[in-house]
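Visitor: Sharing a structure below in structure tokens format, with a few things to ask.
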Amino acid sequence: MTDQATDRDPDMEPDIPGKPTSASRTTLSHIMTHNDTNLLGTVHGGVIMKLVDDAAGAVAGRHSGGPAVTASMDEMAFLEPVRVGDLVHVKAQVNWTGRTSMEVGVRVLAERWNESTPPTQVGSAYLVFAAVDADGKPRRVPPVIPETDRDRRRYQEAQIRRTHRLARRRAIRELREQRAAEGFED
């Protein structure tokens with residue numbers, strides 16, 4: 001059976017050696033300024049989302065050994081407001097890999113730039129990246145090798161999220177096909 005996206009037989013492709021979770025794990029840190037604020041005077045959620053996407057993209061590129069593009073962002077949760085003067089740390093790692101895609105988990109922490117208190121978790125997200133070649137076509141990624149019990153838990157949870165994403169996508173497609181068959185135009 002061939003892969004419809006690439007018209008290649010995945011069984012005929014050589015195995016790619018796996019990479020441990022720690023090989024691509026990274027932290028991006030940024031101090032928040034007045035340029036980052038929203039109308040309420042706290043840091044705009046879009047600024048945090050960009051930092052999340054930047055860190056996740058770096059991890060996906062490192063793990064896959066080349067370009068990777070954001071395919072989706074799941075479950076972006078904002079837990080606490082971020083303020084001007086906060087030092088934000090965005091920690092990202094590959095949780096799971098498929099043939100050409102990867103789930104990257106991201107935790108967002110903030111601490112006051114001038115205090116020595118521990119950082120507080122202010123957000124989290126899960127992003128799916130697709131590795132692409134120079135022509136923008138999907139390319140294979142190395143399997144991720146979980147190293148700790150926490151990594152193994154994250155891997156299992158990522159598989160659950162993937163199952164839910166695919167089921168949701170399939171249910172929506174089926175509903176749209178049913179509505180079209182019934183003569184509804186959306």
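Just remember, in the structure tokens the first chain shown is A, the second B, etc., residues are 1-based per chain, and ligands are 1-based in the order shown.
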DSSP says alpha helix (DSSP H) for which residues of region 53-166 of chain A? Put them as number ranges by chain?

Guide: A: 53-64, 149-166

Visitor: I need the chosen residues saved as a short mmCIF file (atom, residue, chain, number, x, y, z; two decimals), in the first residue's frame, with N, CA, C and O atoms.

Guide:
data_model
loop_
_atom_site.label_atom_id
_atom_site.label_comp_id
_atom_site.auth_asym_id
_atom_site.auth_seq_id
_atom_site.Cartn_x
_atom_site.Cartn_y
_atom_site.Cartn_z
N ASP A 53 4.78 28.77 19.46
CA ASP A 53 5.00 28.24 18.12
C ASP A 53 6.49 28.29 17.75
O ASP A 53 7.01 27.35 17.13
N ASP A 54 7.18 29.36 18.14
CA ASP A 54 8.62 29.46 17.86
C ASP A 54 9.40 28.35 18.55
O ASP A 54 10.24 27.69 17.92
N ALA A 55 9.14 28.13 19.83
CA ALA A 55 9.87 27.09 20.57
C ALA A 55 9.53 25.71 20.02
O ALA A 55 10.42 24.88 19.82
N ALA A 56 8.24 25.47 19.77
CA ALA A 56 7.83 24.16 19.23
C ALA A 56 8.44 23.93 17.85
O ALA A 56 8.86 22.81 17.54
N GLY A 57 8.50 24.97 17.03
CA GLY A 57 9.10 24.85 15.70
C GLY A 57 10.57 24.51 15.77
O GLY A 57 11.08 23.70 14.98
N ALA A 58 11.28 25.12 16.73
CA ALA A 58 12.70 24.82 16.89
C ALA A 58 12.88 23.35 17.29
O ALA A 58 13.75 22.66 16.75
N VAL A 59 12.06 22.88 18.20
CA VAL A 59 12.14 21.48 18.63
C VAL A 59 11.82 20.54 17.47
O VAL A 59 12.52 19.54 17.25
N ALA A 60 10.76 20.84 16.72
CA ALA A 60 10.37 19.97 15.59
C ALA A 60 11.47 19.94 14.53
O ALA A 60 11.78 18.87 13.98
N GLY A 61 12.07 21.09 14.24
CA GLY A 61 13.16 21.13 13.27
C GLY A 61 14.38 20.37 13.74
O GLY A 61 15.02 19.65 12.96
N ARG A 62 14.69 20.51 15.01
CA ARG A 62 15.83 19.78 15.58
C ARG A 62 15.59 18.27 15.51
O ARG A 62 16.47 17.51 15.14
N HIS A 63 14.39 17.86 15.94
CA HIS A 63 14.11 16.43 15.98
C HIS A 63 14.10 15.82 14.58
O HIS A 63 14.66 14.75 14.35
N SER A 64 13.47 16.53 13.65
CA SER A 64 13.32 15.97 12.30
C SER A 64 14.55 16.19 11.43
O SER A 64 14.65 15.60 10.36
N ASP A 149 9.89 8.13 32.88
CA ASP A 149 8.48 7.78 33.08
C ASP A 149 7.59 8.93 32.63
O ASP A 149 6.54 8.70 32.04
N ARG A 150 8.00 10.16 32.89
CA ARG A 150 7.23 11.33 32.46
C ARG A 150 7.15 11.38 30.93
O ARG A 150 6.09 11.65 30.36
N ASP A 151 8.27 11.11 30.27
CA ASP A 151 8.27 11.07 28.79
C ASP A 151 7.34 9.99 28.26
O ASP A 151 6.63 10.19 27.28
N ARG A 152 7.35 8.82 28.91
CA ARG A 152 6.48 7.73 28.47
C ARG A 152 5.00 8.10 28.67
O ARG A 152 4.17 7.79 27.82
N ARG A 153 4.69 8.76 29.80
CA ARG A 153 3.32 9.22 30.02
C ARG A 153 2.92 10.23 28.95
O ARG A 153 1.83 10.13 28.38
N ARG A 154 3.80 11.17 28.64
CA ARG A 154 3.50 12.17 27.60
C ARG A 154 3.29 11.50 26.24
O ARG A 154 2.42 11.92 25.47
N TYR A 155 4.08 10.49 25.94
CA TYR A 155 3.93 9.75 24.68
C TYR A 155 2.55 9.11 24.61
O TYR A 155 1.85 9.21 23.60
N GLN A 156 2.13 8.45 25.69
CA GLN A 156 0.83 7.79 25.72
C GLN A 156 -0.31 8.81 25.61
O GLN A 156 -1.28 8.58 24.89
N GLU A 157 -0.19 9.93 26.32
CA GLU A 157 -1.22 10.96 26.24
C GLU A 157 -1.29 11.55 24.84
O GLU A 157 -2.38 11.86 24.33
N ALA A 158 -0.15 11.70 24.18
CA ALA A 158 -0.12 12.22 22.81
C ALA A 158 -0.84 11.27 21.86
O ALA A 158 -1.54 11.72 20.94
N GLN A 159 -0.69 9.97 22.07
CA GLN A 159 -1.41 9.01 21.24
C GLN A 159 -2.92 9.16 21.41
O GLN A 159 -3.67 9.06 20.44
N ILE A 160 -3.37 9.43 22.63
CA ILE A 160 -4.80 9.65 22.89
C ILE A 160 -5.27 10.91 22.16
O ILE A 160 -6.32 10.91 21.51
N ARG A 161 -4.49 11.99 22.27
CA ARG A 161 -4.87 13.23 21.58
C ARG A 161 -4.93 13.01 20.07
O ARG A 161 -5.83 13.52 19.40
N ARG A 162 -3.99 12.25 19.51
CA ARG A 162 -4.00 11.97 18.07
C ARG A 162 -5.26 11.21 17.69
O ARG A 162 -5.92 11.54 16.70
N THR A 163 -5.61 10.20 18.46
CA THR A 163 -6.83 9.44 18.19
C THR A 163 -8.04 10.35 18.19
O THR A 163 -8.90 10.26 17.31
N HIS A 164 -8.11 11.25 19.14
CA HIS A 164 -9.24 12.18 19.23
C HIS A 164 -9.26 13.16 18.06
O HIS A 164 -10.33 13.46 17.52
N ARG A 165 -8.08 13.67 17.66
CA ARG A 165 -8.00 14.58 16.51
C ARG A 165 -8.52 13.90 15.25
O ARG A 165 -9.31 14.47 14.50
N LEU A 166 -8.06 12.67 15.02
CA LEU A 166 -8.48 11.94 13.83
C LEU A 166 -9.97 11.62 13.86
O LEU A 166 -10.66 11.75 12.84
#

Visitor: Please identify the strand (DSSP E) residues within region 1-164 of chain A (assignment by DSSP from backbone atoms) and present them as number ranges by chain.

Guide: A: 19-20, 26-31, 68-78, 86-97, 101-112, 120-131, 144-145

Visitor: Could you make a table, as a tab-separated table, of the residues of region 108-175 of chain A that have an atom within 12 Å of an atom of region 34-47 of chain A, each with its nearest atom pair and distance in Å to one decimal, counting only C-alpha atoms, in chain and number order?

Guide:
residue	atom	partner	partner_atom	distance
A:Val108	CA	A:Gly45	CA	11.8
A:Ala110	CA	A:Val43	CA	11.3
A:Val122	CA	A:Gly45	CA	10.9
A:Gly123	CA	A:Gly45	CA	9.9
A:Ser124	CA	A:Gly45	CA	11.9

Visitor: Just the number, please: distance in Å from CA of Ala131 (chain A) to CA of Gly98 (chain A), one decimal.

Guide: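 Computing the Euclidean distance for CA of Ala131 (chain A) and CA of Gly98 (chain A) yields 10.4 Å.
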
Visitor: Rank nothing, just name the residue among A:Glu75, A:Arg179, A:Met102, A:Asn95 nearest to Glu147 (chain A), using only C-alpha atoms.

Guide: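 Distance minimum relative to Glu147 (chain A) lands on A:Asn95.
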
Visitor: List as a CSV table (one decimal) with N, CA, C and O atoms, in the first residue's frame the protein and nucleic acid residues near Pro119 (chain A), meaning an atom at most 9 Å away when only C-alpha atoms are counted, but skip any in the same chain fewer than 5 places from it.

Guide:
chain,number,residue,atom,x,y,z
A,87,LEU,N,9.7,37.5,33.1
A,87,LEU,CA,10.6,36.7,32.2
A,87,LEU,C,9.9,35.4,31.9
A,87,LEU,O,9.6,34.7,32.9
A,88,VAL,N,9.6,35.2,30.7
A,88,VAL,CA,8.8,34.0,30.2
A,88,VAL,C,9.8,33.0,29.7
A,88,VAL,O,10.6,33.3,28.9
A,89,HIS,N,9.6,31.7,30.2
A,89,HIS,CA,10.3,30.6,29.7
A,89,HIS,C,9.4,29.7,29.0
A,89,HIS,O,8.4,29.2,29.6
A,109,LEU,N,6.2,29.2,31.4
A,109,LEU,CA,6.5,29.6,32.8
A,109,LEU,C,6.8,31.1,32.8
A,109,LEU,O,7.4,31.6,31.9
A,110,ALA,N,6.5,31.8,33.9
A,110,ALA,CA,6.8,33.2,34.1
A,110,ALA,C,7.3,33.4,35.5
A,110,ALA,O,6.8,32.8,36.4
A,111,GLU,N,8.3,34.4,35.5
A,111,GLU,CA,8.8,34.8,36.8
A,111,GLU,C,9.1,36.3,36.7
A,111,GLU,O,9.3,36.8,35.6
A,112,ARG,N,9.0,37.0,37.8
A,112,ARG,CA,9.4,38.4,37.8
A,112,ARG,C,10.9,38.6,37.5
A,112,ARG,O,11.7,37.8,38.1

Visitor: Skip Lys19 (chain A) itself and residues of its chain fewer than 3 positions away, then list as a PyMOL selection string all residues within 10 Å of it, counting only C-alpha atoms.

Guide: chain A and resi 16+22-24+63-64+94+141-147

Visitor: For the residues selected in the previous step, produce a file with C-alpha atoms as a tab-separated table (two decimals), in the first residue's frame.

Guide:
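New file result.tsv:
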chain	number	residue	atom	x	y	z
A	16	ILE	CA	15.43	6.06	10.47
A	22	SER	CA	16.33	15.10	25.31
A	23	ALA	CA	18.01	15.45	21.88
A	24	SER	CA	15.66	18.22	20.77
A	63	HIS	CA	14.11	16.43	15.98
A	64	SER	CA	13.32	15.97	12.30
A	94	VAL	CA	8.70	16.16	21.18
A	141	VAL	CA	10.88	11.82	10.89
A	142	PRO	CA	12.92	9.79	13.35
A	143	PRO	CA	10.91	8.01	16.03
A	144	VAL	CA	11.10	9.68	19.43
A	145	ILE	CA	12.53	7.56	22.22
A	146	PRO	CA	10.98	8.47	25.59
A	147	GLU	CA	13.66	8.43	28.30
